[in-house]
$ cat coords.pdb   # PDB, C-alpha atoms, pLDDT in the B column
ATOM      1  CA  MET A1144     -47.516  15.066  29.009  1.00 43.00           C
ATOM      2  CA  ALA A1145     -48.026  18.580  27.647  1.00 49.00           C
ATOM      3  CA  THR A1146     -45.695  17.846  24.762  1.00 60.00           C
ATOM      4  CA  LYS A1147     -47.597  14.680  23.809  1.00 67.00           C
ATOM      5  CA  SER A1148     -50.953  16.482  23.914  1.00 71.00           C
ATOM      6  CA  GLY A1149     -49.538  19.288  21.779  1.00 72.00           C
ATOM      7  CA  ARG A1150     -48.302  16.821  19.189  1.00 77.00           C
ATOM      8  CA  LEU A1151     -51.703  15.107  19.161  1.00 85.00           C
ATOM      9  CA  ALA A1152     -53.456  18.442  18.589  1.00 84.00           C
ATOM     10  CA  ASP A1153     -51.070  19.301  15.753  1.00 84.00           C
ATOM     11  CA  ARG A1154     -51.697  15.976  14.061  1.00 88.00           C
ATOM     12  CA  LEU A1155     -55.450  16.366  14.479  1.00 90.00           C
ATOM     13  CA  LEU A1156     -55.298  19.833  12.909  1.00 88.00           C
ATOM     14  CA  LEU A1157     -53.233  18.499  10.029  1.00 89.00           C
ATOM     15  CA  VAL A1158     -55.727  15.694   9.381  1.00 92.00           C
ATOM     16  CA  THR A1159     -58.644  18.139   9.566  1.00 91.00           C
ATOM     17  CA  ASN A1160     -57.012  20.485   7.051  1.00 91.00           C
ATOM     18  CA  LEU A1161     -56.341  17.592   4.689  1.00 91.00           C
ATOM     19  CA  VAL A1162     -59.930  16.344   4.941  1.00 91.00           C
ATOM     20  CA  VAL A1163     -61.420  19.801   4.379  1.00 90.00           C
ATOM     21  CA  ALA A1164     -59.086  20.581   1.481  1.00 90.00           C
ATOM     22  CA  ASN A1165     -59.793  17.278  -0.258  1.00 90.00           C
ATOM     23  CA  GLY A1166     -63.526  17.638   0.414  1.00 88.00           C
ATOM     24  CA  ALA A1167     -63.574  21.119  -1.114  1.00 88.00           C
ATOM     25  CA  ALA A1168     -61.689  19.840  -4.157  1.00 87.00           C
ATOM     26  CA  ALA A1169     -64.116  16.961  -4.561  1.00 87.00           C
ATOM     27  CA  VAL A1170     -67.129  19.296  -4.294  1.00 84.00           C
ATOM     28  CA  PHE A1171     -65.677  21.574  -6.961  1.00 83.00           C
ATOM     29  CA  VAL A1172     -65.134  18.630  -9.329  1.00 84.00           C
ATOM     30  CA  VAL A1173     -68.697  17.410  -8.829  1.00 83.00           C
ATOM     31  CA  VAL A1174     -70.219  20.883  -9.353  1.00 79.00           C
ATOM     32  CA  PHE A1175     -68.058  21.451 -12.408  1.00 80.00           C
ATOM     33  CA  VAL A1176     -69.120  18.167 -14.016  1.00 81.00           C
ATOM     34  CA  GLN A1177     -72.760  18.362 -12.926  1.00 78.00           C
ATOM     35  CA  PRO A1178     -73.786  21.953 -11.940  1.00 73.00           C
ATOM     36  CA  GLY A1179     -77.160  20.864 -10.612  1.00 71.00           C
ATOM     37  CA  ALA A1180     -75.816  18.082  -8.381  1.00 72.00           C
ATOM     38  CA  LEU A1181     -75.387  20.154  -5.220  1.00 70.00           C
ATOM     39  CA  GLY A1182     -77.174  23.380  -6.114  1.00 61.00           C
ATOM     40  CA  ILE A1183     -79.642  24.761  -8.620  1.00 59.00           C
ATOM     41  CA  GLY A1184     -78.329  24.699 -12.158  1.00 53.00           C
ATOM     42  CA  LEU A1185     -79.239  27.555 -14.452  1.00 53.00           C
ATOM     43  CA  ALA A1186     -80.446  24.976 -16.948  1.00 50.00           C
ATOM     44  CA  ASP A1187     -83.241  24.179 -14.509  1.00 50.00           C
ATOM     45  CA  LEU A1188     -84.127  27.856 -14.164  1.00 53.00           C
ATOM     46  CA  ARG A1189     -84.461  28.189 -17.927  1.00 53.00           C
ATOM     47  CA  GLY A1190     -87.527  26.019 -17.985  1.00 50.00           C
ATOM     48  CA  ALA A1191     -89.179  28.030 -15.188  1.00 50.00           C
ATOM     49  CA  SER A1192     -88.514  31.475 -16.669  1.00 51.00           C
ATOM     50  CA  GLY A1193     -88.807  30.535 -20.328  1.00 52.00           C
ATOM     51  CA  LEU A1194     -85.562  32.365 -21.175  1.00 51.00           C
ATOM     52  CA  ALA A1195     -82.916  30.774 -23.359  1.00 47.00           C
ATOM     53  CA  LEU A1196     -79.589  31.124 -21.602  1.00 47.00           C
ATOM     54  CA  VAL A1197     -76.367  31.088 -23.540  1.00 46.00           C
ATOM     55  CA  GLU A1198     -74.196  29.670 -20.726  1.00 55.00           C
ATOM     56  CA  PRO A1199     -76.114  27.032 -18.826  1.00 58.00           C
ATOM     57  CA  ARG A1200     -73.015  25.813 -16.937  1.00 67.00           C
ATOM     58  CA  HIS A1201     -73.587  27.876 -13.784  1.00 72.00           C
ATOM     59  CA  ALA A1202     -74.688  26.754 -10.355  1.00 74.00           C
ATOM     60  CA  LEU A1203     -76.486  28.584  -7.568  1.00 77.00           C
ATOM     61  CA  LEU A1204     -75.959  27.262  -4.044  1.00 76.00           C
ATOM     62  CA  PRO A1205     -78.709  27.967  -1.525  1.00 78.00           C
ATOM     63  CA  LEU A1206     -77.315  29.570   1.638  1.00 81.00           C
ATOM     64  CA  ASP A1207     -80.480  29.586   3.748  1.00 83.00           C
ATOM     65  CA  THR A1208     -80.379  25.876   4.552  1.00 85.00           C
ATOM     66  CA  ALA A1209     -79.268  24.189   7.774  1.00 88.00           C
ATOM     67  CA  LEU A1210     -76.392  22.503   5.943  1.00 84.00           C
ATOM     68  CA  ALA A1211     -75.076  25.853   4.725  1.00 85.00           C
ATOM     69  CA  TRP A1212     -75.133  27.335   8.224  1.00 88.00           C
ATOM     70  CA  ALA A1213     -73.391  24.242   9.617  1.00 90.00           C
ATOM     71  CA  LEU A1214     -70.651  24.501   6.980  1.00 86.00           C
ATOM     72  CA  LEU A1215     -70.223  28.186   7.809  1.00 87.00           C
ATOM     73  CA  ALA A1216     -69.762  27.405  11.513  1.00 92.00           C
ATOM     74  CA  LEU A1217     -67.255  24.659  10.756  1.00 90.00           C
ATOM     75  CA  SER A1218     -65.323  26.969   8.448  1.00 90.00           C
ATOM     76  CA  ILE A1219     -65.067  29.666  11.137  1.00 91.00           C
ATOM     77  CA  VAL A1220     -63.875  27.127  13.708  1.00 91.00           C
ATOM     78  CA  LEU A1221     -61.242  25.770  11.329  1.00 90.00           C
ATOM     79  CA  LEU A1222     -59.954  29.247  10.504  1.00 90.00           C
ATOM     80  CA  LEU A1223     -59.649  30.156  14.195  1.00 91.00           C
ATOM     81  CA  TRP A1224     -57.923  26.849  14.897  1.00 89.00           C
ATOM     82  CA  ASN A1225     -55.340  27.474  12.178  1.00 90.00           C
ATOM     83  CA  PHE A1226     -54.788  31.039  13.375  1.00 89.00           C
ATOM     84  CA  ALA A1227     -54.228  29.837  16.942  1.00 88.00           C
ATOM     85  CA  TRP A1228     -51.695  27.299  15.666  1.00 85.00           C
ATOM     86  CA  LEU A1229     -49.794  30.004  13.810  1.00 84.00           C
ATOM     87  CA  VAL A1230     -49.541  32.474  16.703  1.00 85.00           C
ATOM     88  CA  ARG A1231     -49.044  30.072  19.585  1.00 80.00           C
ATOM     89  CA  ARG A1232     -45.652  29.760  21.245  1.00 68.00           C
ATOM     90  CA  ARG A1233     -43.782  26.615  20.331  1.00 67.00           C
ATOM     91  CA  GLU A1234     -42.758  24.363  23.179  1.00 63.00           C
ATOM     92  CA  GLN A1235     -39.060  23.595  23.088  1.00 62.00           C
ATOM     93  CA  ALA A1236     -38.099  20.008  23.590  1.00 60.00           C
ATOM     94  CA  PRO A1237     -36.044  19.367  26.736  1.00 63.00           C
ATOM     95  CA  PRO A1238     -32.351  18.738  26.071  1.00 63.00           C
ATOM     96  CA  SER A1239     -31.311  15.110  25.988  1.00 78.00           C
ATOM     97  CA  ASN A1240     -28.940  13.782  28.610  1.00 87.00           C
ATOM     98  CA  TRP A1241     -26.382  12.440  26.159  1.00 88.00           C
ATOM     99  CA  VAL A1242     -24.535  13.070  22.906  1.00 91.00           C
ATOM    100  CA  ILE A1243     -24.336  10.348  20.265  1.00 90.00           C
ATOM    101  CA  SER A1244     -20.772   9.471  19.274  1.00 92.00           C
ATOM    102  CA  ASP A1245     -20.009   7.552  16.092  1.00 91.00           C
ATOM    103  CA  THR A1246     -17.553   4.687  16.598  1.00 89.00           C
ATOM    104  CA  PRO A1247     -16.405   1.877  14.301  1.00 89.00           C
ATOM    105  CA  SER A1248     -18.352  -0.613  16.420  1.00 91.00           C
ATOM    106  CA  GLY A1249     -21.553   1.453  16.506  1.00 90.00           C
ATOM    107  CA  PRO A1250     -23.055   4.547  18.138  1.00 91.00           C
ATOM    108  CA  VAL A1251     -22.197   5.268  21.772  1.00 93.00           C
ATOM    109  CA  ARG A1252     -24.052   7.577  24.122  1.00 92.00           C
ATOM    110  CA  VAL A1253     -21.775  10.007  25.956  1.00 92.00           C
ATOM    111  CA  ALA A1254     -23.407  11.491  29.040  1.00 93.00           C
ATOM    112  CA  ARG A1255     -23.869  15.237  28.769  1.00 92.00           C
ATOM    113  CA  GLU A1256     -22.651  15.791  32.335  1.00 93.00           C
ATOM    114  CA  ALA A1257     -19.500  13.773  31.676  1.00 94.00           C
ATOM    115  CA  LEU A1258     -18.821  15.772  28.545  1.00 94.00           C
ATOM    116  CA  GLU A1259     -19.353  19.083  30.343  1.00 95.00           C
ATOM    117  CA  SER A1260     -17.059  18.001  33.154  1.00 95.00           C
ATOM    118  CA  GLY A1261     -14.347  16.900  30.731  1.00 95.00           C
ATOM    119  CA  LEU A1262     -14.463  20.181  28.812  1.00 96.00           C
ATOM    120  CA  GLN A1263     -14.403  22.167  32.045  1.00 96.00           C
ATOM    121  CA  LYS A1264     -11.296  20.397  33.307  1.00 95.00           C
ATOM    122  CA  ALA A1265      -9.594  20.853  29.943  1.00 95.00           C
ATOM    123  CA  GLY A1266     -10.274  24.591  30.030  1.00 94.00           C
ATOM    124  CA  GLU A1267      -9.145  25.017  33.621  1.00 93.00           C
ATOM    125  CA  SER A1268      -5.849  23.275  32.821  1.00 93.00           C
ATOM    126  CA  LEU A1269      -4.672  26.497  31.144  1.00 93.00           C
ATOM    127  CA  VAL A1270      -2.607  28.627  33.496  1.00 92.00           C
ATOM    128  CA  GLU A1271      -4.308  31.879  32.469  1.00 92.00           C
ATOM    129  CA  ILE A1272      -7.830  30.496  32.989  1.00 93.00           C
ATOM    130  CA  THR A1273      -9.053  30.512  36.587  1.00 92.00           C
ATOM    131  CA  ARG A1274     -12.637  29.378  36.193  1.00 94.00           C
ATOM    132  CA  VAL A1275     -14.651  27.639  33.457  1.00 95.00           C
ATOM    133  CA  ARG A1276     -18.306  26.713  33.214  1.00 95.00           C
ATOM    134  CA  VAL A1277     -19.563  24.622  30.290  1.00 96.00           C
ATOM    135  CA  GLN A1278     -23.155  24.151  29.147  1.00 94.00           C
ATOM    136  CA  ILE A1279     -24.101  21.836  26.266  1.00 94.00           C
ATOM    137  CA  ASP A1280     -27.350  22.328  24.352  1.00 91.00           C
ATOM    138  CA  THR A1281     -28.666  19.369  22.336  1.00 87.00           C
ATOM    139  CA  ARG A1282     -32.206  20.583  21.644  1.00 84.00           C
ATOM    140  CA  THR A1283     -31.534  21.412  17.999  1.00 83.00           C
ATOM    141  CA  PRO A1284     -31.253  18.316  15.788  1.00 79.00           C
ATOM    142  CA  LYS A1285     -27.838  17.766  14.192  1.00 86.00           C
ATOM    143  CA  ARG A1286     -26.386  20.752  16.042  1.00 90.00           C
ATOM    144  CA  ILE A1287     -24.647  20.791  19.414  1.00 92.00           C
ATOM    145  CA  GLY A1288     -24.217  24.135  21.108  1.00 93.00           C
ATOM    146  CA  VAL A1289     -21.368  24.492  23.602  1.00 95.00           C
ATOM    147  CA  THR A1290     -21.449  27.618  25.765  1.00 95.00           C
ATOM    148  CA  ILE A1291     -18.223  28.312  27.679  1.00 96.00           C
ATOM    149  CA  GLN A1292     -18.214  30.934  30.422  1.00 96.00           C
ATOM    150  CA  PHE A1293     -14.738  31.652  31.740  1.00 95.00           C
ATOM    151  CA  GLN A1294     -12.677  33.989  33.891  1.00 94.00           C
ATOM    152  CA  ALA A1295      -9.041  34.842  33.273  1.00 93.00           C
ATOM    153  CA  ALA A1296      -6.258  35.624  35.718  1.00 91.00           C
ATOM    154  CA  GLU A1297      -5.310  39.195  36.526  1.00 90.00           C
ATOM    155  CA  GLY A1298      -2.715  40.579  34.139  1.00 87.00           C
ATOM    156  CA  SER A1299      -3.427  38.060  31.365  1.00 89.00           C
ATOM    157  CA  ASN A1300      -4.639  38.797  27.852  1.00 92.00           C
ATOM    158  CA  ASN A1301      -8.251  37.703  27.730  1.00 92.00           C
ATOM    159  CA  LEU A1302      -8.348  37.599  23.909  1.00 93.00           C
ATOM    160  CA  ALA A1303      -5.368  35.291  23.664  1.00 93.00           C
ATOM    161  CA  ALA A1304      -6.743  33.234  26.535  1.00 93.00           C
ATOM    162  CA  SER A1305     -10.081  32.821  24.749  1.00 94.00           C
ATOM    163  CA  GLN A1306      -8.320  31.557  21.621  1.00 95.00           C
ATOM    164  CA  ARG A1307      -6.328  28.994  23.575  1.00 95.00           C
ATOM    165  CA  LEU A1308      -9.433  28.000  25.493  1.00 95.00           C
ATOM    166  CA  ARG A1309     -11.388  27.426  22.290  1.00 95.00           C
ATOM    167  CA  GLN A1310      -8.583  25.274  20.891  1.00 95.00           C
ATOM    168  CA  VAL A1311      -8.186  23.185  24.054  1.00 96.00           C
ATOM    169  CA  VAL A1312     -11.918  22.628  24.489  1.00 96.00           C
ATOM    170  CA  GLY A1313     -12.335  21.735  20.825  1.00 95.00           C
ATOM    171  CA  ASP A1314      -9.528  19.170  20.984  1.00 96.00           C
ATOM    172  CA  ARG A1315     -10.971  17.641  24.139  1.00 96.00           C
ATOM    173  CA  PHE A1316     -14.443  17.433  22.586  1.00 96.00           C
ATOM    174  CA  ALA A1317     -13.009  15.650  19.547  1.00 93.00           C
ATOM    175  CA  GLU A1318     -11.310  13.166  21.865  1.00 94.00           C
ATOM    176  CA  MET A1319     -14.535  12.365  23.730  1.00 94.00           C
ATOM    177  CA  VAL A1320     -17.098  12.495  20.892  1.00 94.00           C
ATOM    178  CA  ARG A1321     -16.878  11.689  17.206  1.00 93.00           C
ATOM    179  CA  LEU A1322     -19.798  13.391  15.471  1.00 91.00           C
ATOM    180  CA  TYR A1323     -21.561  12.158  12.360  1.00 89.00           C
ATOM    181  CA  ASP A1324     -20.816  13.907   9.076  1.00 87.00           C
ATOM    182  CA  ASP A1325     -24.136  15.793   9.051  1.00 88.00           C
ATOM    183  CA  HIS A1326     -23.721  17.001  12.653  1.00 90.00           C
ATOM    184  CA  GLN A1327     -21.812  20.045  13.825  1.00 92.00           C
ATOM    185  CA  VAL A1328     -20.790  21.704  17.074  1.00 93.00           C
ATOM    186  CA  ASP A1329     -20.871  25.456  17.685  1.00 94.00           C
ATOM    187  CA  TYR A1330     -18.749  27.049  20.428  1.00 95.00           C
ATOM    188  CA  GLU A1331     -19.786  30.261  22.138  1.00 95.00           C
ATOM    189  CA  LEU A1332     -17.355  31.823  24.591  1.00 96.00           C
ATOM    190  CA  GLU A1333     -18.382  34.349  27.257  1.00 95.00           C
ATOM    191  CA  PHE A1334     -15.670  36.255  29.114  1.00 95.00           C
ATOM    192  CA  GLN A1335     -16.897  37.117  32.614  1.00 93.00           C
ATOM    193  CA  GLY A1336     -13.990  39.139  33.939  1.00 92.00           C
ATOM    194  CA  PHE A1337     -10.684  38.695  35.713  1.00 92.00           C
ATOM    195  CA  ALA A1338     -10.320  36.683  38.889  1.00 87.00           C
ATOM    196  CA  GLY A1339      -7.289  35.255  40.654  1.00 82.00           C
ATOM    197  CA  LYS A1340      -3.587  35.702  40.029  1.00 82.00           C
ATOM    198  CA  LEU A1341      -1.603  34.453  37.091  1.00 76.00           C
ATOM    199  CA  GLY A1342       0.772  32.444  39.261  1.00 62.00           C
ATOM    200  CA  LYS A1343      -1.889  30.617  41.191  1.00 50.00           C
ATOM    201  CA  LYS A1344      -1.638  27.409  39.169  1.00 53.00           C
ATOM    202  CA  GLY A1345       2.038  26.744  39.732  1.00 45.00           C
ATOM    203  CA  LEU A1346       3.803  29.591  38.007  1.00 47.00           C
ATOM    204  CA  GLU A1347       5.568  30.603  41.226  1.00 43.00           C
ATOM    205  CA  VAL A1348       9.075  29.355  41.633  1.00 35.00           C
ATOM    206  CA  PRO A1349       9.045  26.558  44.219  1.00 41.00           C
ATOM    207  CA  PRO A1350      11.040  27.301  47.378  1.00 46.00           C
ATOM    208  CA  PRO A1351      14.463  25.652  47.547  1.00 42.00           C
ATOM    209  CA  SER A1352      14.619  22.424  49.433  1.00 47.00           C
ATOM    210  CA  GLU A1353      16.043  22.698  52.936  1.00 54.00           C
ATOM    211  CA  PRO A1354      19.522  21.087  53.441  1.00 52.00           C
ATOM    212  CA  HIS A1355      19.649  17.950  55.511  1.00 53.00           C
ATOM    213  CA  PRO A1356      20.990  18.560  59.044  1.00 57.00           C
ATOM    214  CA  PHE A1357      24.551  17.384  59.789  1.00 53.00           C
ATOM    215  CA  THR A1358      24.509  14.164  61.756  1.00 60.00           C
ATOM    216  CA  GLY A1359      28.214  13.342  61.814  1.00 58.00           C
ATOM    217  CA  PRO A1360      30.543  11.451  59.499  1.00 58.00           C
ATOM    218  CA  LYS A1361      29.282   8.641  57.345  1.00 55.00           C
ATOM    219  CA  TYR A1362      30.931   5.301  57.772  1.00 55.00           C
ATOM    220  CA  PRO A1363      32.916   3.631  56.330  1.00 54.00           C
ATOM    221  CA  ILE A1364      35.324   6.517  55.634  1.00 55.00           C
ATOM    222  CA  ASP A1365      37.587   6.212  52.598  1.00 52.00           C
ATOM    223  CA  ASP A1366      41.189   5.651  53.792  1.00 53.00           C
ATOM    224  CA  ASP A1367      42.704   7.507  50.815  1.00 50.00           C
ATOM    225  CA  THR A1368      40.588  10.562  51.447  1.00 47.00           C
ATOM    226  CA  THR A1369      41.470  10.522  55.182  1.00 48.00           C
ATOM    227  CA  LEU A1370      45.198  10.140  54.574  1.00 47.00           C
ATOM    228  CA  GLY A1371      45.177  12.842  51.960  1.00 48.00           C
ATOM    229  CA  GLY A1372      43.420  15.207  54.316  1.00 48.00           C
ATOM    230  CA  GLY A1373      45.970  14.498  57.081  1.00 47.00           C
ATOM    231  CA  ALA A1374      48.890  15.125  54.794  1.00 41.00           C
TER
END

$ encode --input "coords.pdb" --output "structure tokens"
Amino acid sequence: MATKSGRLADRLLLVTNLVVANGAAAVFVVVFVQPGALGIGLADLRGASGLALVEPRHALLPLDTALAWALLALSIVLLLWNFAWLVRRREQAPPSNWVISDTPSGPVRVAREALESGLQKAGESLVEITRVRVQIDTRTPKRIGVTIQFQAAEGSNNLAASQRLRQVVGDRFAEMVRLYDDHQVDYELEFQGFAGKLGKKGLEVPPPSEPHPFTGPKYPIDDDTTLGGGA
């Protein structure tokens, strides 16, 4: 509701500025063509004073009238309104809950939560990455911001891990969303420290399988093997 009221106030201010600007231009045209239309032309003063003026195309506007005071008040209000619009804090639009993907059959909405979950799983599939958190920002038109906060395993190279993470997340994003030509995605990676061991995701050598217990000979027994053993 606050966003709608703010947009209405901005439109009202825009209309007011347009009306005042066009009104001022129209007044100037009228006074320029006919100096005595809105004020007192110097040509009128020539007859009262008896002086011959060389440049009669001047106009004097009386400022002690009620109309002049009303215009002054309106001008002050309009200036304060414009100043308040310039210094006020802009309200950011809430992020949308989806990302538009371009497909041959038409646009498709990809849920933002599904996209974040897919990118998180893709990042955590790397053995040197122990934890990933993905946040997608869609508030800026034609620009998608992807913030990736991650932790690497102890003993790993965090710089190399960040490069692999960027590549894996970028490939997964391209698989899930096909952006329009005038759209772009920006990745921002934040390394938040080391956590966990490098072999936690299956790098340990699996223990050897236990031999099956001996349960006696298997029948039928090969006669050739038995005879050869007896010989």

$ resolve_selection --input "coords.pdb" --expression "the PyMOL selection byres ((chain A and resi 1243) around 8)" --output "JSON, numbers by chain"
{"A": [1241, 1242, 1244, 1245, 1250, 1251, 1252, 1253, 1320, 1322]}

$ atom_distance --input "coords.pdb" --atom1 "atom CA of A:Leu1229" --atom2 "atom CA of A:Asp1153"
11.0 Å

$ resolve_selection --input "coords.pdb" --expression "the PyMOL selection byres ((chain A and resi 1288) around 7)" --output "PyMOL selection string"
chain A and resi 1279-1281+1286-1287+1289-1290+1328-1330

$ resolve_selection --input "coords.pdb" --expression "the PyMOL selection byres ((chain A and resi 1273-1276) around 7)" --output "PyMOL selection string"
chain A and resi 1263+1266-1267+1271-1272+1277-1278+1291-1296+1338-1339

$ write_last_selection --input "coords.pdb" --atoms "C-alpha atoms" --output "PDB file, keeping the file's coordinate frame"
ATOM      1  CA  GLN A1263     -14.403  22.167  32.045  1.00 96.00           C
ATOM      2  CA  GLY A1266     -10.274  24.591  30.030  1.00 94.00           C
ATOM      3  CA  GLU A1267      -9.145  25.017  33.621  1.00 93.00           C
ATOM      4  CA  GLU A1271      -4.308  31.879  32.469  1.00 92.00           C
ATOM      5  CA  ILE A1272      -7.830  30.496  32.989  1.00 93.00           C
ATOM      6  CA  VAL A1277     -19.563  24.622  30.290  1.00 96.00           C
ATOM      7  CA  GLN A1278     -23.155  24.151  29.147  1.00 94.00           C
ATOM      8  CA  ILE A1291     -18.223  28.312  27.679  1.00 96.00           C
ATOM      9  CA  GLN A1292     -18.214  30.934  30.422  1.00 96.00           C
ATOM     10  CA  PHE A1293     -14.738  31.652  31.740  1.00 95.00           C
ATOM     11  CA  GLN A1294     -12.677  33.989  33.891  1.00 94.00           C
ATOM     12  CA  ALA A1295      -9.041  34.842  33.273  1.00 93.00           C
ATOM     13  CA  ALA A1296      -6.258  35.624  35.718  1.00 91.00           C
ATOM     14  CA  ALA A1338     -10.320  36.683  38.889  1.00 87.00           C
ATOM     15  CA  GLY A1339      -7.289  35.255  40.654  1.00 82.00           C
TER      16      GLY A1339
END

$ atom_distance --input "coords.pdb" --atom1 "atom CA of A:Val1163" --atom2 "atom CA of A:Trp1228"
16.7 Å

$ closest_residue --input "coords.pdb" --among "A:Ala1202, A:Ala1257, A:Ala1152, A:Val1162" --to "A:Phe1175" --atoms "all atoms listed in the file"
A:Ala1202

$ build_atoms --input "coords.pdb" --residues "stretch 1287-1298 of chain A" --atoms "N, CA and C atoms" --output "compact mmCIF listing (two decimals), in the coordinates of the input"
# COMPACT_ATOMS: atom_id res chain seq x y z
N ILE A 1287 -24.97 20.80 17.99
CA ILE A 1287 -24.65 20.79 19.41
C ILE A 1287 -24.06 22.15 19.76
N GLY A 1288 -24.70 22.83 20.67
CA GLY A 1288 -24.22 24.14 21.11
C GLY A 1288 -23.44 24.02 22.40
N VAL A 1289 -22.23 24.53 22.42
CA VAL A 1289 -21.37 24.49 23.60
C VAL A 1289 -21.12 25.93 24.04
N THR A 1290 -21.65 26.29 25.19
CA THR A 1290 -21.45 27.62 25.76
C THR A 1290 -20.40 27.53 26.86
N ILE A 1291 -19.35 28.35 26.74
CA ILE A 1291 -18.22 28.31 27.68
C ILE A 1291 -18.13 29.68 28.34
N GLN A 1292 -18.37 29.72 29.63
CA GLN A 1292 -18.21 30.93 30.42
C GLN A 1292 -16.92 30.80 31.22
N PHE A 1293 -16.04 31.80 31.10
CA PHE A 1293 -14.74 31.65 31.74
C PHE A 1293 -14.29 32.98 32.34
N GLN A 1294 -13.35 32.85 33.28
CA GLN A 1294 -12.68 33.99 33.89
C GLN A 1294 -11.18 33.79 33.73
N ALA A 1295 -10.48 34.89 33.48
CA ALA A 1295 -9.04 34.84 33.27
C ALA A 1295 -8.33 35.46 34.47
N ALA A 1296 -7.05 35.11 34.61
CA ALA A 1296 -6.26 35.62 35.72
C ALA A 1296 -5.92 37.09 35.50
N GLU A 1297 -5.68 37.79 36.60
CA GLU A 1297 -5.31 39.20 36.53
C GLU A 1297 -3.99 39.34 35.78
N GLY A 1298 -3.93 40.32 34.88
CA GLY A 1298 -2.72 40.58 34.14
C GLY A 1298 -2.57 39.77 32.86
